[in-house]
Amino acid sequence: MTSRVSAAPTCDCEAKCVIFISRTKKNPDRPFFRCPYYGQIRKTHCDYFMWEDDFIASQAAMVELQETTIERKMEAMIIQMNKDMKAMKIQINKDMEAKINELKRDTEYKFNILEREIEAMTFQISADVVAFDIKHLSLGGLKGSK
Ligand SMILES: [Zn+2]
C-alpha cells in the first residue's frame with residue numbers, strides 16, 4: 001500500500017477528503033476522513049465520514065478483488081488457450097493425415113502410370129528385338145544365299 005495520507009477517498013461532493021485526527025475518548029488519535037467543506041460555514045458540505053484504517057482496509061480489499069479478477073481472467077484465458085491448442089492439434093493432425101493420404105494416392109497413381117509405361121517400353125523393346133532378329137536373320141539368310 002501507499003503511505004497513509006497519499007490516498008484519500010472522494011466525498012459525495014466529488015471532492016478529495018481531508019484528514020482529521022479524532023480526539024474523542026472512544027477513538028483517541030484515530031485519523032479519519034471528512035468532506036473538505038465540512039466546518040466551512042459559507043459552503044454546503046456532505047456528511048461523508050470514514051476512518052482512515054477502514055479506508056485503507058477497503059482499498060486493500062479492492063486491490064485484492066482486482067487481483068482476484070485478473071487471476072480468474074488469466075485462468076480462463078489459459079483454459080481457453082489450452083482448448084484452442086488442442087483443437088488446433090487435432091486439426092493439424094487431420095490436415096496432415098489428409099495430406100499424407102493425398103500424397104499416398106498421388107504416388108500410387110504415378111507409380112501405376114510409370115509401371116504401365118515401363119511395361120509398354122519393355123514390350124516395345126522386345127518387339128523391336130524380335131523385329132531386329134528377324135531382319136538380321138533374313139538378311140543373313142539372303143547374304144548366305146548369295
Ligand atoms: Zn463533501
# chains A, B, ... in the order shown; residues from 1 in each chain; ligands from 1
$ closest_atom_pairs --of "chain A" --to "ligand 1" --cutoff "8 Å" --atoms "only C-alpha atoms and all ligand atoms" --output "Markdown table"
| residue | atom | partner | partner_atom_place_in_ligand_line | distance |
| --- | --- | --- | --- | --- |
| A:Thr10 | CA | ligand 1 | 1 (Zn) | 7.7 |
| A:Cys11 | CA | ligand 1 | 1 (Zn) | 4.5 |
| A:Asp12 | CA | ligand 1 | 1 (Zn) | 4.8 |
| A:Cys13 | CA | ligand 1 | 1 (Zn) | 4.0 |
| A:Glu14 | CA | ligand 1 | 1 (Zn) | 6.6 |
| A:Ala15 | CA | ligand 1 | 1 (Zn) | 6.0 |
| A:Cys17 | CA | ligand 1 | 1 (Zn) | 7.4 |
| A:Arg34 | CA | ligand 1 | 1 (Zn) | 7.4 |
| A:Cys35 | CA | ligand 1 | 1 (Zn) | 4.0 |
| A:Pro36 | CA | ligand 1 | 1 (Zn) | 6.2 |
| A:Tyr37 | CA | ligand 1 | 1 (Zn) | 6.1 |
| A:Tyr38 | CA | ligand 1 | 1 (Zn) | 7.2 |
| A:His45 | CA | ligand 1 | 1 (Zn) | 4.8 |
| A:Cys46 | CA | ligand 1 | 1 (Zn) | 4.1 |
| A:Asp47 | CA | ligand 1 | 1 (Zn) | 6.6 |
| A:Tyr48 | CA | ligand 1 | 1 (Zn) | 6.0 |
$ select_by_dssp --residues "chain A" --states "helix (DSSP H, G or I)" --output "PyMOL selection string"
chain A and resi 52-145
$ write_last_selection --atoms "C-alpha atoms" --output "short mmCIF file (atom, residue, chain, number, x, y, z; two decimals), in the first residue's frame"
data_model
loop_
_atom_site.label_atom_id
_atom_site.label_comp_id
_atom_site.auth_asym_id
_atom_site.auth_seq_id
_atom_site.Cartn_x
_atom_site.Cartn_y
_atom_site.Cartn_z
CA GLU A 52 -8.57 6.13 7.77
CA ASP A 53 -7.90 2.50 8.74
CA ASP A 54 -11.29 1.48 7.31
CA PHE A 55 -10.48 3.32 4.11
CA ILE A 56 -7.05 1.62 3.84
CA ALA A 57 -8.69 -1.74 4.51
CA SER A 58 -11.31 -1.09 1.82
CA GLN A 59 -8.56 -0.04 -0.63
CA ALA A 60 -6.63 -3.22 0.15
CA ALA A 61 -9.81 -5.25 -0.33
CA MET A 62 -10.38 -3.52 -3.66
CA VAL A 63 -6.83 -4.29 -4.82
CA GLU A 64 -7.30 -7.88 -3.69
CA LEU A 65 -10.58 -8.07 -5.58
CA GLN A 66 -8.91 -6.67 -8.71
CA GLU A 67 -6.07 -9.16 -8.37
CA THR A 68 -8.55 -12.00 -7.95
CA THR A 69 -10.45 -10.80 -11.00
CA ILE A 70 -7.24 -10.61 -13.05
CA GLU A 71 -6.20 -14.04 -11.81
CA ARG A 72 -9.58 -15.50 -12.75
CA LYS A 73 -9.47 -13.85 -16.16
CA MET A 74 -5.97 -15.21 -16.75
CA GLU A 75 -7.04 -18.67 -15.64
CA ALA A 76 -9.99 -18.52 -18.02
CA MET A 77 -7.67 -17.33 -20.80
CA ILE A 78 -5.22 -20.18 -20.14
CA ILE A 79 -8.06 -22.71 -20.16
CA GLN A 80 -9.35 -21.24 -23.43
CA MET A 81 -5.84 -21.26 -24.93
CA ASN A 82 -5.37 -24.90 -23.97
CA LYS A 83 -8.70 -25.74 -25.58
CA ASP A 84 -7.74 -23.83 -28.72
CA MET A 85 -4.35 -25.56 -28.85
CA LYS A 86 -5.97 -28.98 -28.51
CA ALA A 87 -8.41 -28.12 -31.29
CA MET A 88 -5.50 -26.86 -33.42
CA LYS A 89 -3.50 -30.03 -32.78
CA ILE A 90 -6.48 -32.17 -33.80
CA GLN A 91 -6.97 -30.03 -36.90
CA ILE A 92 -3.26 -30.22 -37.78
CA ASN A 93 -3.29 -34.00 -37.33
CA LYS A 94 -6.37 -34.25 -39.54
CA ASP A 95 -4.79 -31.99 -42.14
CA MET A 96 -1.53 -33.96 -42.03
CA GLU A 97 -3.38 -37.25 -42.36
CA ALA A 98 -5.35 -35.91 -45.31
CA LYS A 99 -2.13 -34.59 -46.90
CA ILE A 100 -0.34 -37.91 -46.33
CA ASN A 101 -3.27 -39.85 -47.80
CA GLU A 102 -3.37 -37.48 -50.76
CA LEU A 103 0.38 -37.94 -51.28
CA LYS A 104 -0.02 -41.71 -51.00
CA ARG A 105 -2.81 -41.75 -53.58
CA ASP A 106 -0.85 -39.43 -55.85
CA THR A 107 2.31 -41.51 -55.55
CA GLU A 108 0.41 -44.75 -56.13
CA TYR A 109 -1.27 -43.26 -59.18
CA LYS A 110 2.04 -42.01 -60.61
CA PHE A 111 3.70 -45.27 -59.79
CA ASN A 112 0.98 -47.18 -61.64
CA ILE A 113 1.42 -44.97 -64.69
CA LEU A 114 5.18 -45.46 -64.53
CA GLU A 115 4.73 -49.23 -64.20
CA ARG A 116 2.48 -49.28 -67.26
CA GLU A 117 4.93 -47.11 -69.18
CA ILE A 118 7.78 -49.46 -68.24
CA GLU A 119 5.66 -52.46 -69.27
CA ALA A 120 4.85 -50.79 -72.60
CA MET A 121 8.52 -49.89 -73.12
CA THR A 122 9.62 -53.43 -72.26
CA PHE A 123 7.07 -54.80 -74.67
CA GLN A 124 8.20 -52.35 -77.33
CA ILE A 125 11.87 -53.25 -76.74
CA SER A 126 11.21 -56.97 -77.00
CA ALA A 127 9.14 -56.38 -80.12
CA ASP A 128 12.00 -54.33 -81.57
CA VAL A 129 14.50 -57.03 -80.64
CA VAL A 130 12.36 -59.67 -82.29
CA ALA A 131 11.96 -57.49 -85.36
CA PHE A 132 15.72 -56.84 -85.42
CA ASP A 133 16.48 -60.53 -85.11
CA ILE A 134 14.06 -61.43 -87.87
CA LYS A 135 15.51 -58.69 -90.09
CA HIS A 136 19.08 -59.86 -89.47
CA LEU A 137 18.18 -63.49 -89.80
CA SER A 138 16.54 -62.84 -93.10
CA LEU A 139 19.43 -60.60 -94.17
CA GLY A 140 21.89 -63.26 -93.09
CA GLY A 141 19.84 -65.76 -94.96
CA LEU A 142 19.97 -63.55 -98.02
CA LYS A 143 23.69 -62.99 -97.62
CA GLY A 144 24.19 -66.69 -97.09
CA SER A 145 22.25 -67.47 -100.23
#
$ atom_distance --atom1 "CA of Pro9 (chain A)" --atom2 "CA of Met50 (chain A)"
8.4 Å
$ residues_around --residues "Ser22 (chain A)" --least-positions-apart "6" --cutoff "12 Å" --atoms "only C-alpha atoms" --output "ChimeraX atom specification"
/A:28-34,49-52
$ write_last_selection --atoms "N, CA and C atoms" --output "short mmCIF file (atom, residue, chain, number, x, y, z; two decimals), in the first residue's frame"
data_model
loop_
_atom_site.label_atom_id
_atom_site.label_comp_id
_atom_site.auth_asym_id
_atom_site.auth_seq_id
_atom_site.Cartn_x
_atom_site.Cartn_y
_atom_site.Cartn_z
N PRO A 28 -9.31 7.89 20.51
CA PRO A 28 -8.24 8.89 20.65
C PRO A 28 -7.17 8.72 19.57
N ASP A 29 -6.74 9.85 18.97
CA ASP A 29 -5.66 9.88 17.97
C ASP A 29 -5.94 8.99 16.76
N ARG A 30 -7.21 8.77 16.50
CA ARG A 30 -7.55 7.94 15.33
C ARG A 30 -7.86 8.85 14.15
N PRO A 31 -7.08 8.71 13.03
CA PRO A 31 -7.32 9.58 11.87
C PRO A 31 -8.60 9.20 11.14
N PHE A 32 -9.24 10.20 10.59
CA PHE A 32 -10.46 9.94 9.79
C PHE A 32 -10.55 10.94 8.65
N PHE A 33 -11.35 10.61 7.67
CA PHE A 33 -11.56 11.49 6.51
C PHE A 33 -12.91 12.16 6.61
N ARG A 34 -12.95 13.36 6.13
CA ARG A 34 -14.20 14.13 6.09
C ARG A 34 -14.25 14.94 4.82
N PHE A 49 -17.96 10.58 5.96
CA PHE A 49 -17.04 10.32 7.06
C PHE A 49 -16.48 8.91 6.90
N MET A 50 -15.19 8.77 7.08
CA MET A 50 -14.60 7.43 7.09
C MET A 50 -13.31 7.41 7.89
N TRP A 51 -13.20 6.41 8.74
CA TRP A 51 -11.95 6.22 9.46
C TRP A 51 -10.85 5.88 8.47
N GLU A 52 -9.67 6.37 8.71
CA GLU A 52 -8.57 6.13 7.77
C GLU A 52 -8.26 4.64 7.66
#
$ select_by_dssp --residues "chain A" --states "strand (DSSP E)" --output "count of residues only"
16
